[in-house]
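Dropping entry-v2.csv in here (CSV, C-alpha atoms):
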chain,number,residue,atom,x,y,z
D,1,ASP,CA,120.8,123.5,167.9
D,2,SER,CA,121.1,122.9,164.2
D,3,GLY,CA,119.1,119.7,164.2
D,4,VAL,CA,122.1,117.7,163.0
D,5,THR,CA,123.4,115.1,165.4
D,6,GLN,CA,126.8,113.5,165.4
D,7,THR,CA,128.1,110.6,167.5
D,8,PRO,CA,130.3,110.1,169.3
D,9,LYS,CA,131.3,113.5,170.6
D,10,HIS,CA,134.9,112.4,171.4
D,11,LEU,CA,136.9,109.5,170.2
D,12,ILE,CA,140.4,108.4,171.3
D,13,THR,CA,142.0,105.6,169.5
D,14,ALA,CA,145.4,104.3,168.5
D,15,THR,CA,147.3,104.4,165.2
D,16,GLY,CA,146.4,101.6,162.8
D,17,GLN,CA,142.8,101.3,164.1
D,18,ARG,CA,139.5,101.9,162.4
D,19,VAL,CA,136.7,104.0,163.6
D,20,THR,CA,133.2,104.9,162.4
D,21,LEU,CA,131.6,108.3,162.9
D,22,ARG,CA,127.9,108.7,162.6
D,23,CYS,CA,125.7,111.6,161.5
D,24,SER,CA,121.9,112.1,161.5
D,25,PRO,CA,120.8,114.9,159.3
D,26,ARG,CA,118.0,117.4,160.0
D,27,SER,CA,114.6,116.0,159.4
D,28,GLY,CA,113.8,116.4,155.7
D,29,ASP,CA,117.3,117.0,154.6
D,30,LEU,CA,118.5,114.7,151.8
D,31,SER,CA,122.1,115.8,151.5
D,32,VAL,CA,124.9,115.1,153.9
D,33,TYR,CA,128.4,116.5,153.8
D,34,TRP,CA,131.5,115.5,155.7
D,35,TYR,CA,134.3,117.9,156.6
D,36,GLN,CA,137.6,117.6,158.4
D,37,GLN,CA,139.1,120.4,160.4
D,38,SER,CA,142.6,120.0,161.8
D,39,LEU,CA,143.9,122.2,164.6
D,40,ASP,CA,143.7,125.8,163.6
D,41,GLN,CA,143.0,124.9,160.0
D,42,GLY,CA,140.0,125.7,157.8
D,43,LEU,CA,137.3,123.2,156.9
D,44,GLN,CA,138.3,120.6,154.3
D,45,PHE,CA,135.4,119.1,152.3
D,46,LEU,CA,135.6,115.3,152.2
D,47,ILE,CA,132.5,114.0,150.6
D,48,GLN,CA,128.9,114.6,149.9
D,49,TYR,CA,125.9,112.2,149.6
D,50,TYR,CA,122.5,113.0,148.3
D,51,ASN,CA,119.6,110.6,148.9
D,52,GLY,CA,121.9,107.7,149.4
D,53,GLU,CA,124.2,108.3,146.4
D,54,GLU,CA,127.7,109.9,146.4
D,55,ARG,CA,127.4,113.3,144.8
D,56,ALA,CA,130.8,115.0,145.2
D,57,LYS,CA,134.2,114.1,146.4
D,58,GLY,CA,136.8,116.4,147.9
D,59,ASN,CA,140.1,115.8,149.6
D,60,ILE,CA,139.1,112.4,151.0
D,61,LEU,CA,141.9,109.9,151.5
D,62,GLU,CA,141.6,106.3,150.2
D,63,ARG,CA,141.7,105.1,153.8
D,64,PHE,CA,138.4,107.0,154.4
D,65,SER,CA,135.0,106.0,153.1
D,66,ALA,CA,131.5,107.0,153.7
D,67,GLN,CA,127.9,105.9,153.0
D,68,GLN,CA,124.4,107.2,153.4
D,69,PHE,CA,121.8,104.8,154.4
D,70,PRO,CA,118.1,104.6,153.3
D,71,ASP,CA,117.0,106.4,156.5
D,72,LEU,CA,119.4,109.2,155.4
D,73,HIS,CA,121.9,108.9,158.2
D,74,SER,CA,125.5,108.7,157.2
D,75,GLU,CA,128.6,107.1,158.5
D,76,LEU,CA,132.3,108.1,157.9
D,77,ASN,CA,134.7,105.2,158.2
D,78,LEU,CA,138.3,106.0,158.9
D,79,SER,CA,140.8,103.1,158.7
D,80,SER,CA,144.6,102.6,159.3
D,81,LEU,CA,144.5,105.7,161.4
D,82,GLU,CA,147.6,107.9,161.6
D,83,LEU,CA,148.5,110.7,164.0
D,84,GLY,CA,147.7,113.2,161.4
D,85,ASP,CA,144.1,112.1,161.2
D,86,SER,CA,143.5,113.7,164.6
D,87,ALA,CA,140.9,116.4,163.9
D,88,LEU,CA,137.4,117.6,164.3
D,89,TYR,CA,135.1,115.9,161.8
D,90,PHE,CA,131.9,117.8,161.0
D,91,CYS,CA,128.8,116.6,159.3
D,92,ALA,CA,126.4,119.0,157.6
D,93,SER,CA,123.1,118.5,156.0
D,94,SER,CA,121.0,120.5,153.5
D,95,ILE,CA,117.6,120.0,151.9
D,96,SER,CA,119.1,119.9,148.4
D,97,THR,CA,122.4,119.8,146.8
D,98,GLY,CA,123.8,123.3,147.1
D,99,GLY,CA,121.3,124.4,149.6
D,100,GLU,CA,122.2,126.0,152.9
D,101,GLN,CA,124.2,123.6,155.1
D,102,TYR,CA,123.5,123.1,158.8
D,103,PHE,CA,126.4,121.8,160.7
D,104,GLY,CA,126.5,119.3,163.5
D,105,PRO,CA,128.5,119.7,166.7
D,106,GLY,CA,131.4,117.6,165.4
D,107,THR,CA,133.3,114.5,166.5
D,108,ARG,CA,136.7,115.2,168.0
D,109,LEU,CA,139.0,112.3,167.0
D,110,THR,CA,142.3,111.9,168.7
D,111,VAL,CA,144.8,109.3,167.4
D,112,THR,CA,147.6,108.4,169.8
S,1,LYS,CA,140.9,127.7,139.6
S,2,ASN,CA,138.0,128.7,141.9
S,3,GLN,CA,139.2,130.3,145.0
S,4,VAL,CA,138.0,132.2,148.0
S,5,GLU,CA,140.4,134.5,149.8
S,6,GLN,CA,139.7,136.1,153.1
S,7,SER,CA,141.4,139.0,154.9
S,8,PRO,CA,142.6,139.7,157.3
S,9,GLN,CA,143.7,136.3,158.6
S,10,SER,CA,143.2,137.5,162.1
S,11,LEU,CA,141.9,140.6,163.8
S,12,ILE,CA,141.8,142.0,167.4
S,13,ILE,CA,139.5,144.8,168.3
S,14,LEU,CA,138.1,146.3,171.5
S,15,GLU,CA,134.6,145.6,172.7
S,16,GLY,CA,132.1,148.0,171.3
S,17,LYS,CA,134.1,148.8,168.1
S,18,ASN,CA,133.1,148.0,164.6
S,19,CYS,CA,135.0,145.9,162.1
S,20,THR,CA,134.8,144.7,158.5
S,21,LEU,CA,136.0,141.4,157.2
S,22,GLN,CA,136.7,140.9,153.5
S,23,CYS,CA,136.2,138.0,151.1
S,24,ASN,CA,137.3,138.0,147.5
S,25,TYR,CA,136.4,135.1,145.2
S,26,THR,CA,137.1,133.9,141.7
S,27,VAL,CA,134.3,131.3,141.6
S,28,SER,CA,132.5,131.3,138.3
S,29,PRO,CA,129.7,130.9,137.5
S,30,PHE,CA,128.5,132.2,140.8
S,31,SER,CA,125.5,130.8,142.7
S,32,ASN,CA,125.6,132.3,146.2
S,33,LEU,CA,127.8,133.4,149.0
S,34,ARG,CA,127.4,132.6,152.6
S,35,TRP,CA,129.1,133.9,155.8
S,36,TYR,CA,129.4,131.5,158.7
S,37,LYS,CA,130.5,132.1,162.3
S,38,GLN,CA,132.4,129.3,163.9
S,39,ASP,CA,133.1,129.3,167.7
S,40,THR,CA,136.2,127.4,168.7
S,41,GLY,CA,135.5,123.6,168.7
S,42,ARG,CA,131.9,124.1,167.5
S,43,GLY,CA,130.2,123.7,164.1
S,44,PRO,CA,129.8,126.7,161.8
S,45,VAL,CA,126.6,128.6,162.0
S,46,SER,CA,125.1,130.5,159.0
S,47,LEU,CA,124.9,134.3,159.3
S,48,THR,CA,123.8,135.4,155.9
S,49,ILE,CA,123.3,134.0,152.4
S,50,MET,CA,123.3,136.2,149.3
S,51,THR,CA,122.6,135.4,145.7
S,52,PHE,CA,123.8,137.3,142.6
S,53,SER,CA,121.0,139.9,142.7
S,54,GLU,CA,121.4,140.8,146.4
S,55,ASN,CA,124.0,143.4,147.4
S,56,THR,CA,123.3,143.7,151.1
S,57,LYS,CA,121.8,141.6,153.8
S,58,SER,CA,121.6,142.1,157.6
S,59,ASN,CA,121.3,139.7,160.5
S,60,GLY,CA,121.2,141.8,163.7
S,61,ARG,CA,124.6,143.5,164.2
S,62,TYR,CA,126.0,141.6,161.1
S,63,THR,CA,125.7,143.2,157.7
S,64,ALA,CA,127.0,141.4,154.6
S,65,THR,CA,127.6,143.1,151.3
S,66,LEU,CA,128.2,141.6,147.9
S,67,ASP,CA,129.6,143.2,144.7
S,68,ALA,CA,129.2,140.5,142.1
S,69,ASP,CA,131.0,142.6,139.5
S,70,THR,CA,134.2,142.9,141.4
S,71,LYS,CA,133.6,139.5,143.1
S,72,GLN,CA,134.0,140.9,146.6
S,73,SER,CA,132.0,140.5,149.8
S,74,SER,CA,132.4,142.1,153.2
S,75,LEU,CA,131.0,141.3,156.6
S,76,HIS,CA,130.5,144.3,158.9
S,77,ILE,CA,130.1,143.8,162.6
S,78,THR,CA,128.7,146.7,164.5
S,79,ALA,CA,129.2,147.4,168.2
S,80,SER,CA,131.2,144.2,168.8
S,81,GLN,CA,130.6,142.1,171.8
S,82,LEU,CA,132.9,139.5,173.5
S,83,SER,CA,130.7,136.8,172.1
S,84,ASP,CA,131.6,137.8,168.6
S,85,SER,CA,135.0,136.3,169.2
S,86,ALA,CA,135.1,133.5,166.6
S,87,SER,CA,136.2,132.5,163.1
S,88,TYR,CA,134.2,134.0,160.3
S,89,ILE,CA,134.1,131.9,157.1
S,90,CYS,CA,133.2,133.0,153.6
S,91,VAL,CA,131.7,130.2,151.4
S,92,VAL,CA,131.0,130.5,147.7
S,93,SER,CA,128.9,128.1,145.7
S,94,GLU,CA,129.4,127.5,142.0
S,95,LYS,CA,126.4,127.6,139.8
S,96,SER,CA,127.3,124.9,137.3
S,97,SER,CA,127.7,122.2,139.9
S,98,ALA,CA,125.5,122.8,142.9
S,99,SER,CA,127.7,120.7,145.0
S,100,LYS,CA,130.9,122.7,144.3
S,101,ILE,CA,131.2,124.7,147.4
S,102,ILE,CA,134.5,126.5,148.1
S,103,PHE,CA,135.4,127.5,151.7
S,104,GLY,CA,137.6,130.4,152.6
S,105,SER,CA,140.2,129.8,155.3
S,106,GLY,CA,138.4,132.2,157.6
S,107,THR,CA,139.2,135.3,159.6
S,108,ARG,CA,139.9,134.8,163.3
S,109,LEU,CA,138.3,137.7,165.2
S,110,SER,CA,139.1,138.4,168.9
S,111,ILE,CA,137.2,140.9,170.9
S,112,ARG,CA,139.1,142.4,173.9
S,113,PRO,CA,137.2,143.9,176.8
structure tokens encoding of this file:
Amino acid sequence: DSGVTQTPKHLITATGQRVTLRCSPRSGDLSVYWYQQSLDQGLQFLIQYYNGEERAKGNILERFSAQQFPDLHSELNLSSLELGDSALYFCASSISTGGEQYFGPGTRLTVT
Amino acid sequence: KNQVEQSPQSLIILEGKNCTLQCNYTVSPFSNLRWYKQDTGRGPVSLTIMTFSENTKSNGRYTATLDADTKQSSLHITASQLSDSASYICVVSEKSSASKIIFGSGTRLSIRP
């Protein structure tokens, strides 16, 4: 158990819909990262927050957005969902930017 | 362009045998290199982390090496077990921007009984 929690574990929704994925970092970690992993693909970095502020952006679509709240939990919002958005979404946290990342168990999103 | 290349893409070995996975990178300036193990459908778990000055680090049956001059790293698994079946991911951090982290595409390792 990494100490990072993600909810929900599974999510099934239809095309065009909007969903919110939630992540609670390890206690004391200020940095949160979001990744997407499609079937049999590598991890794709989406976005990083540090202490409430966006720190780095990766291959994140405009339909996706994220935020980190004062209590340091983070949410990833996915809108106008397409079939290709079906993937595992991982959250990771670290004490500082660039520190070792601890990954959550992931949220499996299925868009039908 | 900063890149991390892993080889082989996939590997099948018999239980009890040893194997070595490779990681070549072009990330510069270099901060650190990590190896992660990812079981199917699970989040990656860190195995080792090495900085510029370290050239070997062990974690049980896993031993990672780093040659910062040639920008190569390897992960050696000794006396493989069925539970070693997973993807192994090499991740390199850039020093200039701590949040610049480049992931390799991973090596998928299968251990056969």
Interatomic distance (Å, one decimal) between atom CA of S:Tyr36 and atom CA of S:Ala86: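 Pair atom CA of S:Tyr36 / atom CA of S:Ala86 returns 9.9 Å.
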Counting all atoms listed in the file, the option among S:Ser85, S:Ser7, S:Ser46, S:Ser31 closest to S:Leu109: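 The closest residue to S:Leu109 is S:Ser85.
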Test item: chain D residues at most 10 Å from chain S, counting all atoms listed in the file, as a VMD selection string: chain D and resid 1 to 2 31 33 37 39 to 45 47 to 50 55 to 58 88 to 92 96 to 108
Expected answer as a list in words: all residues with atoms within 12 Å of (120.4, 138.9, 137.6), all atoms listed in the file: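 The residues that fall inside the cut-off are Phe30, Ser31, Thr51, Phe52, Ser53, Glu54, Asn55, Ala68 and Asp69 of chain S.
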Would you mind exporting the chosen residues as an mmCIF file, in the coordinates of the input, restricted to C-alpha atoms?
data_model
loop_
_atom_site.group_PDB
_atom_site.id
_atom_site.type_symbol
_atom_site.label_atom_id
_atom_site.label_comp_id
_atom_site.auth_asym_id
_atom_site.auth_seq_id
_atom_site.Cartn_x
_atom_site.Cartn_y
_atom_site.Cartn_z
ATOM 1 C CA PHE S 30 128.500 132.200 140.800
ATOM 2 C CA SER S 31 125.500 130.800 142.700
ATOM 3 C CA THR S 51 122.600 135.400 145.700
ATOM 4 C CA PHE S 52 123.800 137.300 142.600
ATOM 5 C CA SER S 53 121.000 139.900 142.700
ATOM 6 C CA GLU S 54 121.400 140.800 146.400
ATOM 7 C CA ASN S 55 124.000 143.400 147.400
ATOM 8 C CA ALA S 68 129.200 140.500 142.100
ATOM 9 C CA ASP S 69 131.000 142.600 139.500
#
Residues within 8 Å of S:Pro113, all atoms listed in the file, excluding chain neighbours under 3 positions, as a ChimeraX atom specification: /S:14-15,82
Residues within 7 Å of S:Asn24, only C-alpha atoms, excluding chain neighbours under 2 positions, as a list in words: Val4, Glu5, Gln6, Gln22, Lys71, Gln72 and Ser73 of chain S
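Taking atom CA of D:Lys9 as the reference point, atom CA of D:Asp71 is found at 21.3 Å.
Picture a line from atom CA of D:His73 to atom CA of S:Lys37; it runs 25.1 Å.
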Proximity to D:Ile12 - best of D:Ala87, D:Leu81, D:Leu109, D:Leu46, all atoms listed in the file: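 Of all the options, D:Leu109 lies closest to D:Ile12.
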Minimum-distance residue to D:His10, chosen among D:Thr110, D:Ser74, D:Ser86, D:Ser65 (using all atoms listed in the file):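 Checking each of D:Thr110, D:Ser74, D:Ser86, D:Ser65 against D:His10, counting all atoms listed in the file, the winner is D:Thr110.
Closest approach to D:Pro25 among D:Leu83, D:Val4, D:Val111, D:Leu61 is made by D:Val4 (distances from all atoms listed in the file).
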Padding 5 Å on every side, please: axis-aligned box over the listed atoms of stretch 7-14 of chain S, centre and edge lengths to one decimal in Å, as lines of an AutoDock Vina configuration file.
center_x = 140.9
center_y = 141.3
center_z = 163.2
size_x = 15.6
size_y = 20.0
size_z = 26.6
Among the residues D:Asp29, D:Asn77, D:Glu82, D:Pro70, the one that comes closest to D:Ala14 [using only C-alpha atoms]: D:Glu82
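Look at D:Arg18: the protein and nucleic acid residues within 7 Å of it, using only C-alpha atoms and passing over chain neighbours fewer than 5 places away, are Leu78, Ser79, Ser80 and Leu81 of chain D.
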Test item: residues at most 9 Å from D:Gly28, all atoms listed in the file, excluding those fewer than 2 positions along its chain, as a list of chain:residue names: D:Pro25, D:Arg26, D:Leu30, D:Ser94, D:Ile95
